[in-house]
Amino acid sequence: MGTLLLVAAEKRELAGVLRRCRRRERLRWPLEWAWRGELRGRPVVLAANGPGGLWAAEAMRVTCGREEVDAVVSTGWCGGLDPELAPGEIFVASGVKGEGVSFAAAVPRTGCAFRSGWLVTVDRVAQTAEEKARLRESGAAAVDMEAAAVAAESERRGLRFFCVRVVLDGAGESFRLDFNAARRDNGRFSRRRILRAALARPWVGLPELVRWGRRTREAARVLGDFLAECEFAS
């Protein structure tokens, strides 16, 4: 059995599943964050390399150059576009859309409940309820920033592709902080810029950071519990 690769943007997204892994080993690879472990008796690599398709594809190239990967899971947070999707729900994509492309996604075997539908990938944070409503017109139920690139790289390498995410923000929710303005030229988020923006309007920004901090911690736990109960056939 080959290695299962889980690709996310931020290490926080993989914190829950890392806790469920056995025989954990930190990997000193040219990625922002990577661990090897064992999940349900299967070797896994957890890789987080930054937001956006370029960094996700790079995580795949680095890992596939070092491991015998046979299945890939694009995972982490997603934004809800379907108003029926609630924060904290697991979303398993049946397919992924990018700019002018679409890919089918396999569904893991699990006894746990989840929602499903198409996911659309865009190279920015969907900041407002209005923007999410426009993206909903594509027929997608959820939005992220990496899955289409992971799907494309998986197809190129002949690897089985899955997309399992947890809803972080609902369709009717908007971010008060401009996270897109906090991205560096290389596309990664600057924590300093986010904090500076929060401190510029502390009555808005600081409660926002606290709220999303709590929600991301709970989302990581939910996602880790779900992934630990899945079987990803190669």
# chains A, B, ... in the order shown; residues from 1 in each chain; ligands from 1
$ select_by_dssp --residues "stretch 22-177 of chain A" --states "strand (DSSP E or B)" --output "MDAnalysis selection string"
chainID A and resid 22:26 33:39 42:48 69:80 90:97 102:104 106 109 115:121 142:144 160:169
$ closest_atom_pairs --of "stretch 17-133 of chain A" --to "stretch 8-12 of chain A" --cutoff "7 Å" --atoms "only C-alpha atoms" --output "Markdown table"
| residue | atom | partner | partner_atom | distance |
| --- | --- | --- | --- | --- |
| A:Trp33 | CA | A:Lys11 | CA | 6.5 |
| A:Ala47 | CA | A:Ala8 | CA | 6.3 |
| A:Ala48 | CA | A:Ala8 | CA | 4.8 |
| A:Asn49 | CA | A:Ala9 | CA | 5.5 |
| A:Gly50 | CA | A:Ala9 | CA | 4.4 |
| A:Pro51 | CA | A:Ala9 | CA | 4.7 |
| A:Ala56 | CA | A:Ala9 | CA | 7.0 |
| A:Ser74 | CA | A:Ala8 | CA | 6.3 |
| A:Thr75 | CA | A:Ala8 | CA | 5.3 |
| A:Gly76 | CA | A:Ala8 | CA | 5.4 |
$ atom_distance --atom1 "atom CA of A:Thr216" --atom2 "atom CA of A:Gly95"
24.3 Å
$ closest_residue --among "A:Arg115, A:Ser138, A:Glu58, A:Gly79" --to "A:Lys97" --atoms "only C-alpha atoms"
A:Ser138
$ residues_around --residues "stretch 144-153 of chain A" --least-positions-apart "6" --cutoff "10 Å" --atoms "only C-alpha atoms" --output "MDAnalysis selection string"
chainID A and resid 7:9 50:61 72:80 93 95:99 101:105 119:126 159:165 167
$ select_by_dssp --residues "stretch 103-166 of chain A" --states "helix (DSSP H, G or I)" --output "ChimeraX atom specification"
/A:129-136,147-157
$ write_last_selection --atoms "N, CA and C atoms" --output "PDB file, in the first residue's frame"
ATOM      1  N   ALA A 129     -20.527  37.848   1.627  1.00  0.00           N
ATOM      2  CA  ALA A 129     -21.701  37.062   1.254  1.00  0.00           C
ATOM      3  C   ALA A 129     -22.081  37.320  -0.198  1.00  0.00           C
ATOM      4  N   GLU A 130     -21.879  38.543  -0.671  1.00  0.00           N
ATOM      5  CA  GLU A 130     -22.201  38.875  -2.061  1.00  0.00           C
ATOM      6  C   GLU A 130     -21.291  38.125  -3.023  1.00  0.00           C
ATOM      7  N   GLU A 131     -20.007  38.055  -2.723  1.00  0.00           N
ATOM      8  CA  GLU A 131     -19.081  37.325  -3.580  1.00  0.00           C
ATOM      9  C   GLU A 131     -19.415  35.833  -3.590  1.00  0.00           C
ATOM     10  N   LYS A 132     -19.789  35.297  -2.453  1.00  0.00           N
ATOM     11  CA  LYS A 132     -20.159  33.888  -2.389  1.00  0.00           C
ATOM     12  C   LYS A 132     -21.416  33.617  -3.210  1.00  0.00           C
ATOM     13  N   ALA A 133     -22.348  34.554  -3.199  1.00  0.00           N
ATOM     14  CA  ALA A 133     -23.571  34.384  -3.991  1.00  0.00           C
ATOM     15  C   ALA A 133     -23.240  34.334  -5.481  1.00  0.00           C
ATOM     16  N   ARG A 134     -22.287  35.144  -5.918  1.00  0.00           N
ATOM     17  CA  ARG A 134     -21.891  35.117  -7.334  1.00  0.00           C
ATOM     18  C   ARG A 134     -21.227  33.776  -7.675  1.00  0.00           C
ATOM     19  N   LEU A 135     -20.380  33.281  -6.789  1.00  0.00           N
ATOM     20  CA  LEU A 135     -19.724  31.998  -7.038  1.00  0.00           C
ATOM     21  C   LEU A 135     -20.732  30.851  -7.025  1.00  0.00           C
ATOM     22  N   ARG A 136     -21.777  30.990  -6.258  1.00  0.00           N
ATOM     23  CA  ARG A 136     -22.827  29.977  -6.189  1.00  0.00           C
ATOM     24  C   ARG A 136     -23.492  29.778  -7.544  1.00  0.00           C
ATOM     25  N   ALA A 147      -7.874  23.256  -4.256  1.00  0.00           N
ATOM     26  CA  ALA A 147      -8.265  21.908  -4.678  1.00  0.00           C
ATOM     27  C   ALA A 147      -8.094  21.660  -6.169  1.00  0.00           C
ATOM     28  N   ALA A 148      -8.417  22.640  -7.013  1.00  0.00           N
ATOM     29  CA  ALA A 148      -8.307  22.417  -8.457  1.00  0.00           C
ATOM     30  C   ALA A 148      -6.866  22.150  -8.873  1.00  0.00           C
ATOM     31  N   ALA A 149      -5.912  22.841  -8.258  1.00  0.00           N
ATOM     32  CA  ALA A 149      -4.502  22.605  -8.585  1.00  0.00           C
ATOM     33  C   ALA A 149      -4.057  21.225  -8.118  1.00  0.00           C
ATOM     34  N   VAL A 150      -4.533  20.807  -6.947  1.00  0.00           N
ATOM     35  CA  VAL A 150      -4.198  19.466  -6.452  1.00  0.00           C
ATOM     36  C   VAL A 150      -4.815  18.402  -7.355  1.00  0.00           C
ATOM     37  N   ALA A 151      -6.045  18.644  -7.792  1.00  0.00           N
ATOM     38  CA  ALA A 151      -6.701  17.699  -8.702  1.00  0.00           C
ATOM     39  C   ALA A 151      -5.955  17.598 -10.025  1.00  0.00           C
ATOM     40  N   ALA A 152      -5.515  18.732 -10.568  1.00  0.00           N
ATOM     41  CA  ALA A 152      -4.795  18.730 -11.843  1.00  0.00           C
ATOM     42  C   ALA A 152      -3.472  17.980 -11.732  1.00  0.00           C
ATOM     43  N   GLU A 153      -2.756  18.213 -10.640  1.00  0.00           N
ATOM     44  CA  GLU A 153      -1.478  17.526 -10.440  1.00  0.00           C
ATOM     45  C   GLU A 153      -1.705  16.036 -10.204  1.00  0.00           C
ATOM     46  N   SER A 154      -2.775  15.682  -9.513  1.00  0.00           N
ATOM     47  CA  SER A 154      -3.095  14.266  -9.300  1.00  0.00           C
ATOM     48  C   SER A 154      -3.405  13.578 -10.615  1.00  0.00           C
ATOM     49  N   GLU A 155      -4.192  14.244 -11.456  1.00  0.00           N
ATOM     50  CA  GLU A 155      -4.522  13.664 -12.759  1.00  0.00           C
ATOM     51  C   GLU A 155      -3.267  13.474 -13.607  1.00  0.00           C
ATOM     52  N   ARG A 156      -2.388  14.444 -13.578  1.00  0.00           N
ATOM     53  CA  ARG A 156      -1.154  14.357 -14.364  1.00  0.00           C
ATOM     54  C   ARG A 156      -0.288  13.180 -13.916  1.00  0.00           C
ATOM     55  N   ARG A 157      -0.329  12.869 -12.634  1.00  0.00           N
ATOM     56  CA  ARG A 157       0.495  11.799 -12.091  1.00  0.00           C
ATOM     57  C   ARG A 157      -0.238  10.463 -12.008  1.00  0.00           C
TER      58      ARG A 157
END
$ residues_around --residues "stretch 34-45 of chain A" --least-positions-apart "6" --cutoff "10 Å" --atoms "only C-alpha atoms" --output "JSON, numbers by chain"
{"A": [1, 2, 3, 4, 5, 6, 7, 11, 14, 17, 18, 20, 21, 22, 23, 24, 25, 26, 27, 28, 59, 63, 67, 68, 69, 71, 72, 227, 228, 229, 230, 231, 232]}
$ write_last_selection --atoms "C-alpha atoms" --output "short mmCIF file (atom, residue, chain, number, x, y, z; two decimals), in the first residue's frame"
data_model
loop_
_atom_site.label_atom_id
_atom_site.label_comp_id
_atom_site.auth_asym_id
_atom_site.auth_seq_id
_atom_site.Cartn_x
_atom_site.Cartn_y
_atom_site.Cartn_z
CA MET A 1 0.00 0.00 0.00
CA GLY A 2 1.39 3.38 -1.02
CA THR A 3 1.43 6.63 0.90
CA LEU A 4 -1.66 8.78 1.32
CA LEU A 5 -0.84 12.47 0.89
CA LEU A 6 -2.98 15.11 2.63
CA VAL A 7 -2.40 18.61 1.24
CA LYS A 11 -0.67 23.64 9.37
CA LEU A 14 -4.01 19.51 9.68
CA VAL A 17 -5.55 14.73 11.92
CA LEU A 18 -1.92 14.93 13.07
CA ARG A 20 -4.83 11.07 15.30
CA CYS A 21 -1.65 9.77 13.61
CA ARG A 22 0.73 7.24 15.11
CA ARG A 23 4.52 7.11 14.64
CA ARG A 24 4.75 10.79 13.84
CA GLU A 25 7.92 12.23 12.36
CA ARG A 26 8.62 15.87 11.43
CA LEU A 27 9.99 16.08 7.90
CA ARG A 28 12.72 18.58 7.04
CA ALA A 59 3.77 20.39 -1.98
CA THR A 63 6.27 14.79 -1.65
CA GLU A 67 7.41 9.06 -1.31
CA GLU A 68 5.52 6.38 -3.25
CA VAL A 69 2.21 8.28 -3.21
CA ALA A 71 -3.74 8.76 -3.38
CA VAL A 72 -4.09 12.46 -2.58
CA LEU A 227 -10.40 11.89 8.27
CA ALA A 228 -9.32 9.37 10.87
CA GLU A 229 -12.50 7.36 10.19
CA CYS A 230 -12.16 7.35 6.39
CA GLU A 231 -10.74 4.73 4.06
CA PHE A 232 -9.12 6.17 0.94
#
$ closest_residue --among "A:Leu177, A:Arg201, A:Gly88, A:Leu31" --to "A:Arg217" --atoms "only C-alpha atoms"
A:Gly88
$ closest_residue --among "A:Gly158, A:Ala113, A:Pro30, A:Pro108" --to "A:Arg66" --atoms "only C-alpha atoms"
A:Pro30
$ closest_residue --among "A:Arg19, A:Arg109, A:Arg188, A:Arg176" --to "A:Leu209" --atoms "only C-alpha atoms"
A:Arg176
$ atom_distance --atom1 "atom CA of A:Leu46" --atom2 "atom CA of A:Asp185"
25.3 Å
$ atom_distance --atom1 "atom CA of A:Val92" --atom2 "atom CA of A:Phe114"
6.7 Å
$ decode --residues "stretch 141-162 of chain A" --atoms "C-alpha atoms" --output "short mmCIF file (atom, residue, chain, number, x, y, z; two decimals), in the first residue's frame"
data_model
loop_
_atom_site.label_atom_id
_atom_site.label_comp_id
_atom_site.auth_asym_id
_atom_site.auth_seq_id
_atom_site.Cartn_x
_atom_site.Cartn_y
_atom_site.Cartn_z
CA ALA A 141 -21.74 24.38 -3.07
CA ALA A 142 -18.39 25.38 -1.54
CA VAL A 143 -15.25 27.36 -2.35
CA ASP A 144 -11.54 26.98 -1.59
CA MET A 145 -8.15 28.14 -2.92
CA GLU A 146 -6.19 24.95 -3.70
CA ALA A 147 -8.26 21.91 -4.68
CA ALA A 148 -8.31 22.42 -8.46
CA ALA A 149 -4.50 22.60 -8.58
CA VAL A 150 -4.20 19.47 -6.45
CA ALA A 151 -6.70 17.70 -8.70
CA ALA A 152 -4.80 18.73 -11.84
CA GLU A 153 -1.48 17.53 -10.44
CA SER A 154 -3.09 14.27 -9.30
CA GLU A 155 -4.52 13.66 -12.76
CA ARG A 156 -1.15 14.36 -14.36
CA ARG A 157 0.50 11.80 -12.09
CA GLY A 158 -2.28 9.20 -12.34
CA LEU A 159 -3.13 9.43 -8.63
CA ARG A 160 -6.56 8.95 -7.08
CA PHE A 161 -7.91 12.31 -5.94
CA PHE A 162 -10.17 13.15 -2.99
#
